[in-house]
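All remarks here apply to the structure that follows.
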Amino acid sequence: MTLIIVLSALTPVLSVIFLLVILRLPASRAMPLSFALTTAICALIWEIPLPYMAAAIVEGLVIALSILWIVFGAIALLNVLKAVGAIEYIQQGFTALSPDRRIQTVVIAWLFGAFLEGASGFGTPAAIAAPLLLSLGFPALAAVVMPLVADSAPVTFGAVGTPVLVGLVQGAPSLEYAHIRAIAIQAAAMDILVASFIPLLLCAMLTRFWGQNASFREGLAVWPFALVMGLSFTVTAWLVAKFLGPEFPSIVGGLTGLLVALVLIKKQWLMPAVYWRFPNDEPITQTLAPSSSPTYKTLFYAWLPYLSVVLLLLLTRVEFLGIKPILNSLSLSTGLLFSTPIQATFSVLYSPGAIFIAVACGVCGISIALNPGATHMQSCRKAWLNALKTLLPTAMALAASVPMVRLFIYSDVNALSIDALPVPAMPLLLAEQAAAAFTHSWPFIAPLIGALGSFIAGSATFSNMMFSNLQMVVAQDLSLPVTGMLGLQLLGSNAGNMICVANVVAAASVVKLSGSEGQIIRYTAGPMALYLLALGTMGFALTILA
């Protein structure tokens with residue numbers, strides 16, 4: 001019976017991998033099938049009461065709606081900016097800054113994405129960076145893979161420190177704040193030796209998979225710039241975590257990196273000798289600058305909507321301004337569902353989606369006011385309608401995947417027992433089995449558990465909430481450094497962020513790649529595995545030093 005229970009607990013994970021990655025079904029088909037299979041297992045094998053199953057599904061649907069709200073806002077803003085011509089000027093500005101696609105990748109996916117992750121998290125970096133890269137002429141697949149891989153290390157302190165201040169605090173409530181802060185500092189320190197290489201990895205992937213020569217070497221050729229950009233973020237994040245706390249390392253790290261990048265590019269320091277471009281790009285000579293460089297004033301106006309989004313995200317998330325509780329007070333709530341403790345809340349106005357939509361409406365209003373007539377009004381209307389049409393396959397995938405995840409998490413309410421002991425929720429059961437099977441190699445398994453949580457739950461915060469206590473108990477039982485193992489949990493949950501289904505589905509929809517989610521995961525799984533391998537090696541080093 002124990003083997004059946006363990007295998008059934010693995011079903012939600014294995015079915016997603018099999019259907020999405022191996023059979024290459026689109027998420028709009030793979031996720032409903034996985035959801036149906038998980039629902040059957042929860043009812044027939046785990047004997048979860050129907051009210052709990054219904055409550056978990058409803059909560060999942062509300063969470064899926066909140067993700068769709070963000071995706072719709074991001075797509076609508078992009079479409080509106082295309083309609084008014086702002087995207088064209090942004091594209092010209094980046095080309096004038098550096099026509100080299102490797103440099104653009106590091107600046108947008110790694111640094112700008114890190115800043116966005118620190119400001120808001122919850123899928124915002126990919127929702128903005130992916131369409132921006134697409135508008136610059138990146139292949140759609142590259143435009144979505146690059147931000148997904150880049151949005152890993154910054155997640156430790158994303159959304160103003162939420163994975164630490166909510167995930168770790170609630171996941172291991174017995175820990176004092178001083179210990180939690182020490183864990184965050186330890187994680188940031190370990191990431192200096194691991195995540196600093198992510199920009200270089202991004203460049204190598206870009207030239208290998210989307211370059212004419214399919215060469216890693218062309219990407220590695222920019223190693224001086226890429227490593228400086230990696231260190232600009234990771235070292236700054238560690239310093240901020242050490243001296244200021246876990247709220248702002250990703251924000252300050254991303255902003256610092258952007259400033260350093262602008263200086264290096266302007267001074268032509270550490271720049272490659274030859275520009276690297278996609279095969280279909282127009283050739284640009286090394287000596288001649290692009291002739292269509294927009295003025296600084298034009299660039300400012302073109303970037304103003306995105307700058308407004310970032311400013312509003314910051315203003316609504318800084319506690320002392322008092323805006324956050326006001327927006328959250330207007331949340332929609334289901335109340336307790338079906339006489340269970342489960343309830344769903346959707347903060348419509350606090351969500352980044354509301355900010356995207358508000359800025360898009362503002363752009364449309366200004367455009368129509370400055371250009372009276374039917375043309376601009378029709379363009380804006382078309383932009384909004386296209387955003388709605390894009391959501392359909394995404395809605396189908398999320399409406400199945402997120403409720404499946406909630407069933408997985410709430411499976412602790414079951415009628416099963418092993419050796420007269422109640423069976424925990426599926427994720428904890430799998431983690432406990434891993435702890436029992438891999439006792440002597442736990443430093444390698446610890447980050448993998450964190451990644452599993454993010455892959456399943458779609459959030460590093462939820463992963464930390466699920467597994468932090470388990471990581472602490474296992475570390476104590478095996479006489480391993482608790483601070484180091486929980487640091488590996490934080491970083492492992494970042495790695496899982498590269499392949500979590502909710503992020504992949506949302507990012508794919510923004511660049512109109514719905515149906516290619518399995519292909520995207522095949523690209524991001526390799527970087528995730530390298531990240532986890534490096535973290536595991538770091539974990540063993542910690543046990544030796546301890």
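Residue names in the structure tokens use chain letters A, B, ... in the order shown, residue numbers from 1 in each chain, and ligand numbers from 1 in the order shown.
For Ala127 in chain A, the set of protein, DNA and RNA residues having any atom at most 6 Å away, when counting only C-alpha atoms and skipping those fewer than 3 positions along the same chain, is Ala74, Thr124 and Ala507 of chain A.
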Selection near range 455-463 of chain A, 7 Å with only C-alpha atoms, sequence-local residues under 6 positions removed, as a PyMOL selection string: chain A and resi 162-163+166-167+405+493-494+496-497+499-503
Keeping C-alpha atoms for every residue in the selection just given, could you write it to a file as a PDB file, in the first residue's frame?
```pdb
ATOM      1  CA  THR A 162       8.136  37.839   0.052  1.00  0.00           C
ATOM      2  CA  PRO A 163       9.824  34.386  -0.378  1.00  0.00           C
ATOM      3  CA  VAL A 166       6.337  35.126   4.075  1.00  0.00           C
ATOM      4  CA  GLY A 167       7.569  31.805   2.705  1.00  0.00           C
ATOM      5  CA  VAL A 405      -1.625  22.245  -7.660  1.00  0.00           C
ATOM      6  CA  SER A 493      13.051  27.245  -5.146  1.00  0.00           C
ATOM      7  CA  ASN A 494      14.589  29.889  -7.424  1.00  0.00           C
ATOM      8  CA  GLY A 496      12.422  25.638  -9.995  1.00  0.00           C
ATOM      9  CA  ASN A 497      11.028  28.999 -11.019  1.00  0.00           C
ATOM     10  CA  ILE A 499      10.307  25.512 -15.249  1.00  0.00           C
ATOM     11  CA  CYS A 500       7.183  26.048 -13.134  1.00  0.00           C
ATOM     12  CA  VAL A 501       4.154  25.498 -15.327  1.00  0.00           C
ATOM     13  CA  ALA A 502       2.245  28.643 -14.341  1.00  0.00           C
ATOM     14  CA  ASN A 503       5.185  30.899 -15.248  1.00  0.00           C
TER      15      ASN A 503
END
```
Neighbour list for Leu132 in chain A as a PyMOL selection string, cut-off 10 Å, only C-alpha atoms, skip fewer than 4 positions in-chain: chain A and resi 78+87+90-91+108-109+126-128+136-138+143-144+511
For the residues in that selection, give me C-alpha atoms as a PDB file, in the first residue's frame.
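Contents of result32.pdb, freshly written:
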```pdb
ATOM      1  CA  LEU A  78       2.316  45.882 -25.095  1.00  0.00           C
ATOM      2  CA  ILE A  87       7.677  50.056 -29.097  1.00  0.00           C
ATOM      3  CA  ILE A  90      12.217  51.512 -27.700  1.00  0.00           C
ATOM      4  CA  GLN A  91      13.587  49.079 -30.258  1.00  0.00           C
ATOM      5  CA  ILE A 108      16.811  43.305 -20.373  1.00  0.00           C
ATOM      6  CA  ALA A 109      16.387  39.697 -19.198  1.00  0.00           C
ATOM      7  CA  ALA A 126       8.656  37.647 -17.923  1.00  0.00           C
ATOM      8  CA  ALA A 127       5.395  39.477 -18.655  1.00  0.00           C
ATOM      9  CA  ILE A 128       7.378  42.641 -19.432  1.00  0.00           C
ATOM     10  CA  LEU A 136      13.359  44.062 -30.502  1.00  0.00           C
ATOM     11  CA  GLY A 137      13.408  41.269 -33.063  1.00  0.00           C
ATOM     12  CA  PHE A 138      14.258  38.264 -30.883  1.00  0.00           C
ATOM     13  CA  ALA A 143      12.248  35.985 -26.046  1.00  0.00           C
ATOM     14  CA  VAL A 144      10.469  33.770 -23.516  1.00  0.00           C
ATOM     15  CA  VAL A 511       4.606  36.223 -26.946  1.00  0.00           C
TER      16      VAL A 511
END
```
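With only C-alpha atoms as the atoms that count, the residue of A:Ala383, A:Ala420, A:Ile342, A:Val363 with the shortest distance to Val58 in chain A is A:Ile342.
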Which residues are near Ser174 in chain A? Cut-off 12 Å, only C-alpha atoms, ignore same chain within fewer than 6 positions. Put them as an mmCIF file with all heavy atoms, in the first residue's frame.
```cif
data_model
loop_
_atom_site.group_PDB
_atom_site.id
_atom_site.type_symbol
_atom_site.label_atom_id
_atom_site.label_comp_id
_atom_site.auth_asym_id
_atom_site.auth_seq_id
_atom_site.Cartn_x
_atom_site.Cartn_y
_atom_site.Cartn_z
ATOM 1 N N LEU A 168 9.525 31.729 4.142
ATOM 2 C CA LEU A 168 10.396 31.135 5.164
ATOM 3 C C LEU A 168 9.831 31.332 6.561
ATOM 4 O O LEU A 168 9.889 30.427 7.403
ATOM 5 C CB LEU A 168 11.794 31.759 5.060
ATOM 6 C CG LEU A 168 12.929 31.039 5.790
ATOM 7 C CD1 LEU A 168 13.025 29.595 5.319
ATOM 8 C CD2 LEU A 168 14.246 31.751 5.546
ATOM 9 N N ILE A 180 16.393 33.842 10.553
ATOM 10 C CA ILE A 180 15.849 33.924 9.191
ATOM 11 C C ILE A 180 16.670 34.900 8.356
ATOM 12 O O ILE A 180 16.990 34.631 7.190
ATOM 13 C CB ILE A 180 14.364 34.346 9.244
ATOM 14 C CG1 ILE A 180 13.528 33.174 9.751
ATOM 15 C CG2 ILE A 180 13.873 34.820 7.873
ATOM 16 C CD1 ILE A 180 12.095 33.502 10.010
ATOM 17 N N SER A 468 10.224 24.354 4.172
ATOM 18 C CA SER A 468 11.248 24.910 5.070
ATOM 19 C C SER A 468 11.345 24.113 6.375
ATOM 20 O O SER A 468 12.447 23.812 6.855
ATOM 21 C CB SER A 468 10.951 26.378 5.371
ATOM 22 O OG SER A 468 11.150 27.172 4.237
ATOM 23 N N ASN A 469 10.207 23.777 6.955
ATOM 24 C CA ASN A 469 10.241 23.032 8.220
ATOM 25 C C ASN A 469 10.865 21.658 8.020
ATOM 26 O O ASN A 469 11.639 21.184 8.853
ATOM 27 C CB ASN A 469 8.834 22.899 8.788
ATOM 28 C CG ASN A 469 8.856 22.440 10.244
ATOM 29 O OD1 ASN A 469 9.387 23.118 11.109
ATOM 30 N ND2 ASN A 469 8.302 21.262 10.506
ATOM 31 N N MET A 472 14.573 21.983 7.808
ATOM 32 C CA MET A 472 15.145 22.242 9.132
ATOM 33 C C MET A 472 15.234 20.954 9.953
ATOM 34 O O MET A 472 16.266 20.668 10.568
ATOM 35 C CB MET A 472 14.303 23.288 9.867
ATOM 36 C CG MET A 472 14.853 23.673 11.221
ATOM 37 S SD MET A 472 13.877 24.987 12.019
ATOM 38 C CE MET A 472 12.326 24.111 12.282
ATOM 39 N N VAL A 473 14.165 20.157 9.951
ATOM 40 C CA VAL A 473 14.136 18.920 10.728
ATOM 41 C C VAL A 473 15.180 17.939 10.213
ATOM 42 O O VAL A 473 15.919 17.311 10.997
ATOM 43 C CB VAL A 473 12.729 18.299 10.699
ATOM 44 C CG1 VAL A 473 12.740 16.903 11.312
ATOM 45 C CG2 VAL A 473 11.738 19.176 11.435
#
```
Selection: 12 Å around range 440-442 of chain A, only C-alpha atoms, excl. self and same-chain fewer than 5 positions, as JSON, numbers by chain: {"A": [431, 432, 433, 434, 435, 447, 448, 449, 470, 471, 472, 474, 475, 476, 477, 478, 479, 480, 481, 482, 484, 485, 486, 488, 489, 535, 536, 537, 538, 539, 540, 542, 543]}
For the selection you just gave me, I'd like the residues written to a file as a CSV table (one decimal), in the first residue's frame, keeping N, CA and C atoms.
```
chain,number,residue,atom,x,y,z
A,431,ALA,N,8.9,14.5,-0.2
A,431,ALA,CA,10.1,15.1,0.4
A,431,ALA,C,10.6,14.2,1.5
A,432,GLU,N,9.7,13.6,2.3
A,432,GLU,CA,10.1,12.7,3.4
A,432,GLU,C,10.7,11.4,2.9
A,433,GLN,N,10.1,10.9,1.8
A,433,GLN,CA,10.6,9.7,1.1
A,433,GLN,C,12.0,10.0,0.6
A,434,ALA,N,12.2,11.2,0.0
A,434,ALA,CA,13.5,11.6,-0.5
A,434,ALA,C,14.5,11.7,0.7
A,435,ALA,N,14.1,12.3,1.8
A,435,ALA,CA,15.0,12.4,2.9
A,435,ALA,C,15.4,11.0,3.5
A,447,PRO,N,18.3,21.4,-2.4
A,447,PRO,CA,17.9,22.4,-3.4
A,447,PRO,C,16.9,21.8,-4.4
A,448,LEU,N,17.0,20.4,-4.6
A,448,LEU,CA,16.0,19.8,-5.5
A,448,LEU,C,14.6,19.8,-4.9
A,449,ILE,N,14.5,19.6,-3.6
A,449,ILE,CA,13.2,19.7,-3.0
A,449,ILE,C,12.6,21.1,-3.2
A,470,LEU,N,10.5,21.0,6.9
A,470,LEU,CA,11.1,19.7,6.6
A,470,LEU,C,12.6,19.8,6.5
A,471,GLN,N,13.1,20.8,5.7
A,471,GLN,CA,14.5,21.0,5.6
A,471,GLN,C,15.2,21.2,6.9
A,472,MET,N,14.6,22.0,7.8
A,472,MET,CA,15.1,22.2,9.1
A,472,MET,C,15.2,21.0,10.0
A,474,VAL,N,15.3,17.8,8.9
A,474,VAL,CA,16.2,16.9,8.3
A,474,VAL,C,17.7,17.3,8.6
A,475,ALA,N,17.9,18.6,8.5
A,475,ALA,CA,19.3,19.1,8.8
A,475,ALA,C,19.6,18.8,10.3
A,476,GLN,N,18.7,19.0,11.2
A,476,GLN,CA,18.9,18.8,12.6
A,476,GLN,C,19.2,17.3,12.9
A,477,ASP,N,18.4,16.4,12.2
A,477,ASP,CA,18.5,15.0,12.4
A,477,ASP,C,19.8,14.5,11.9
A,478,LEU,N,20.3,15.1,10.8
A,478,LEU,CA,21.6,14.6,10.1
A,478,LEU,C,22.8,15.4,10.6
A,479,SER,N,22.6,16.3,11.6
A,479,SER,CA,23.7,17.2,12.1
A,479,SER,C,24.3,18.0,11.0
A,480,LEU,N,23.5,18.5,10.1
A,480,LEU,CA,23.9,19.4,9.0
A,480,LEU,C,23.6,20.9,9.4
A,481,PRO,N,24.4,21.8,8.8
A,481,PRO,CA,24.1,23.2,9.2
A,481,PRO,C,22.7,23.7,8.7
A,482,VAL,N,21.9,24.0,9.7
A,482,VAL,CA,20.5,24.4,9.4
A,482,VAL,C,20.4,25.6,8.5
A,484,GLY,N,22.6,26.7,6.3
A,484,GLY,CA,23.0,26.4,5.0
A,484,GLY,C,21.9,25.6,4.2
A,485,MET,N,21.3,24.6,4.9
A,485,MET,CA,20.3,23.8,4.2
A,485,MET,C,19.0,24.6,3.9
A,486,LEU,N,18.7,25.5,4.8
A,486,LEU,CA,17.5,26.4,4.5
A,486,LEU,C,17.9,27.4,3.4
A,488,LEU,N,19.8,26.6,0.9
A,488,LEU,CA,19.7,25.8,-0.3
A,488,LEU,C,18.2,25.7,-0.7
A,489,GLN,N,17.4,25.6,0.3
A,489,GLN,CA,15.9,25.6,0.0
A,489,GLN,C,15.5,26.9,-0.7
A,535,LEU,N,24.5,24.2,-6.7
A,535,LEU,CA,24.0,24.4,-5.4
A,535,LEU,C,24.3,23.2,-4.5
A,536,GLY,N,24.1,22.0,-5.1
A,536,GLY,CA,24.4,20.8,-4.3
A,536,GLY,C,25.9,20.7,-4.0
A,537,THR,N,26.8,21.0,-4.9
A,537,THR,CA,28.2,21.1,-4.7
A,537,THR,C,28.5,22.1,-3.5
A,538,MET,N,27.9,23.2,-3.6
A,538,MET,CA,28.0,24.2,-2.6
A,538,MET,C,27.6,23.7,-1.2
A,539,GLY,N,26.5,22.9,-1.2
A,539,GLY,CA,26.0,22.3,0.0
A,539,GLY,C,27.0,21.4,0.7
A,540,PHE,N,27.6,20.5,-0.2
A,540,PHE,CA,28.6,19.6,0.4
A,540,PHE,C,29.8,20.3,0.9
A,542,LEU,N,29.7,23.2,2.3
A,542,LEU,CA,29.3,23.8,3.6
A,542,LEU,C,29.3,22.7,4.7
A,543,THR,N,28.9,21.5,4.4
A,543,THR,CA,29.0,20.4,5.4
A,543,THR,C,30.4,20.1,5.8
```
One-decimal distance in Å that lies between CA of Cys380 in chain A and CA of Ile368 in chain A: 8.7 Å
Near Ala30 in chain A, counting only C-alpha atoms, which residues have an atom at most 9 Å away, once you skip same-chain residues fewer than 2 positions from it, shown as a compact mmCIF listing (two decimals) with N, CA, C and O atoms, in the first residue's frame?
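Generated file (part_1.txt):
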```txt
# COMPACT_ATOMS: atom_id res chain seq x y z
N SER A 15 2.86 13.13 -14.58
CA SER A 15 1.92 13.31 -15.69
C SER A 15 2.20 14.60 -16.44
O SER A 15 2.12 14.64 -17.68
N VAL A 16 2.54 15.67 -15.70
CA VAL A 16 2.87 16.94 -16.35
C VAL A 16 4.12 16.78 -17.22
O VAL A 16 4.17 17.22 -18.37
N PHE A 18 5.38 13.99 -18.47
CA PHE A 18 5.14 13.07 -19.58
C PHE A 18 4.32 13.72 -20.69
O PHE A 18 4.67 13.66 -21.87
N LEU A 19 3.21 14.38 -20.32
CA LEU A 19 2.32 14.95 -21.32
C LEU A 19 2.89 16.21 -21.96
O LEU A 19 2.79 16.41 -23.17
N LEU A 20 3.51 17.05 -21.13
CA LEU A 20 3.95 18.36 -21.60
C LEU A 20 5.30 18.30 -22.28
O LEU A 20 5.50 18.90 -23.35
N ARG A 24 4.85 16.25 -25.74
CA ARG A 24 4.84 17.58 -26.36
C ARG A 24 3.42 18.08 -26.67
O ARG A 24 3.18 18.75 -27.67
N LEU A 25 2.49 17.72 -25.79
CA LEU A 25 1.14 18.27 -25.95
C LEU A 25 1.13 19.72 -25.51
O LEU A 25 1.88 20.12 -24.62
N PRO A 26 0.30 20.56 -26.12
CA PRO A 26 0.18 21.93 -25.62
C PRO A 26 -0.40 21.93 -24.22
O PRO A 26 -1.15 21.03 -23.84
N ALA A 27 -0.07 22.96 -23.44
CA ALA A 27 -0.54 23.03 -22.06
C ALA A 27 -2.06 23.05 -21.98
O ALA A 27 -2.64 22.56 -21.01
N SER A 28 -2.70 23.60 -23.01
CA SER A 28 -4.17 23.66 -23.00
C SER A 28 -4.79 22.27 -23.06
O SER A 28 -5.96 22.10 -22.72
N PRO A 32 -5.33 19.94 -18.55
CA PRO A 32 -6.62 19.35 -18.19
C PRO A 32 -6.54 17.84 -17.97
O PRO A 32 -7.20 17.30 -17.07
N LEU A 33 -5.72 17.14 -18.78
CA LEU A 33 -5.56 15.70 -18.59
C LEU A 33 -4.89 15.39 -17.25
O LEU A 33 -5.31 14.49 -16.52
N SER A 34 -3.84 16.14 -16.91
CA SER A 34 -3.17 15.95 -15.62
C SER A 34 -4.11 16.27 -14.46
O SER A 34 -4.11 15.58 -13.44
N PHE A 35 -4.90 17.31 -14.64
CA PHE A 35 -5.87 17.69 -13.60
C PHE A 35 -6.90 16.59 -13.39
O PHE A 35 -7.22 16.23 -12.24
N ALA A 397 -5.24 26.41 -19.88
CA ALA A 397 -4.13 25.74 -19.20
C ALA A 397 -4.11 26.08 -17.71
O ALA A 397 -3.96 25.20 -16.86
```
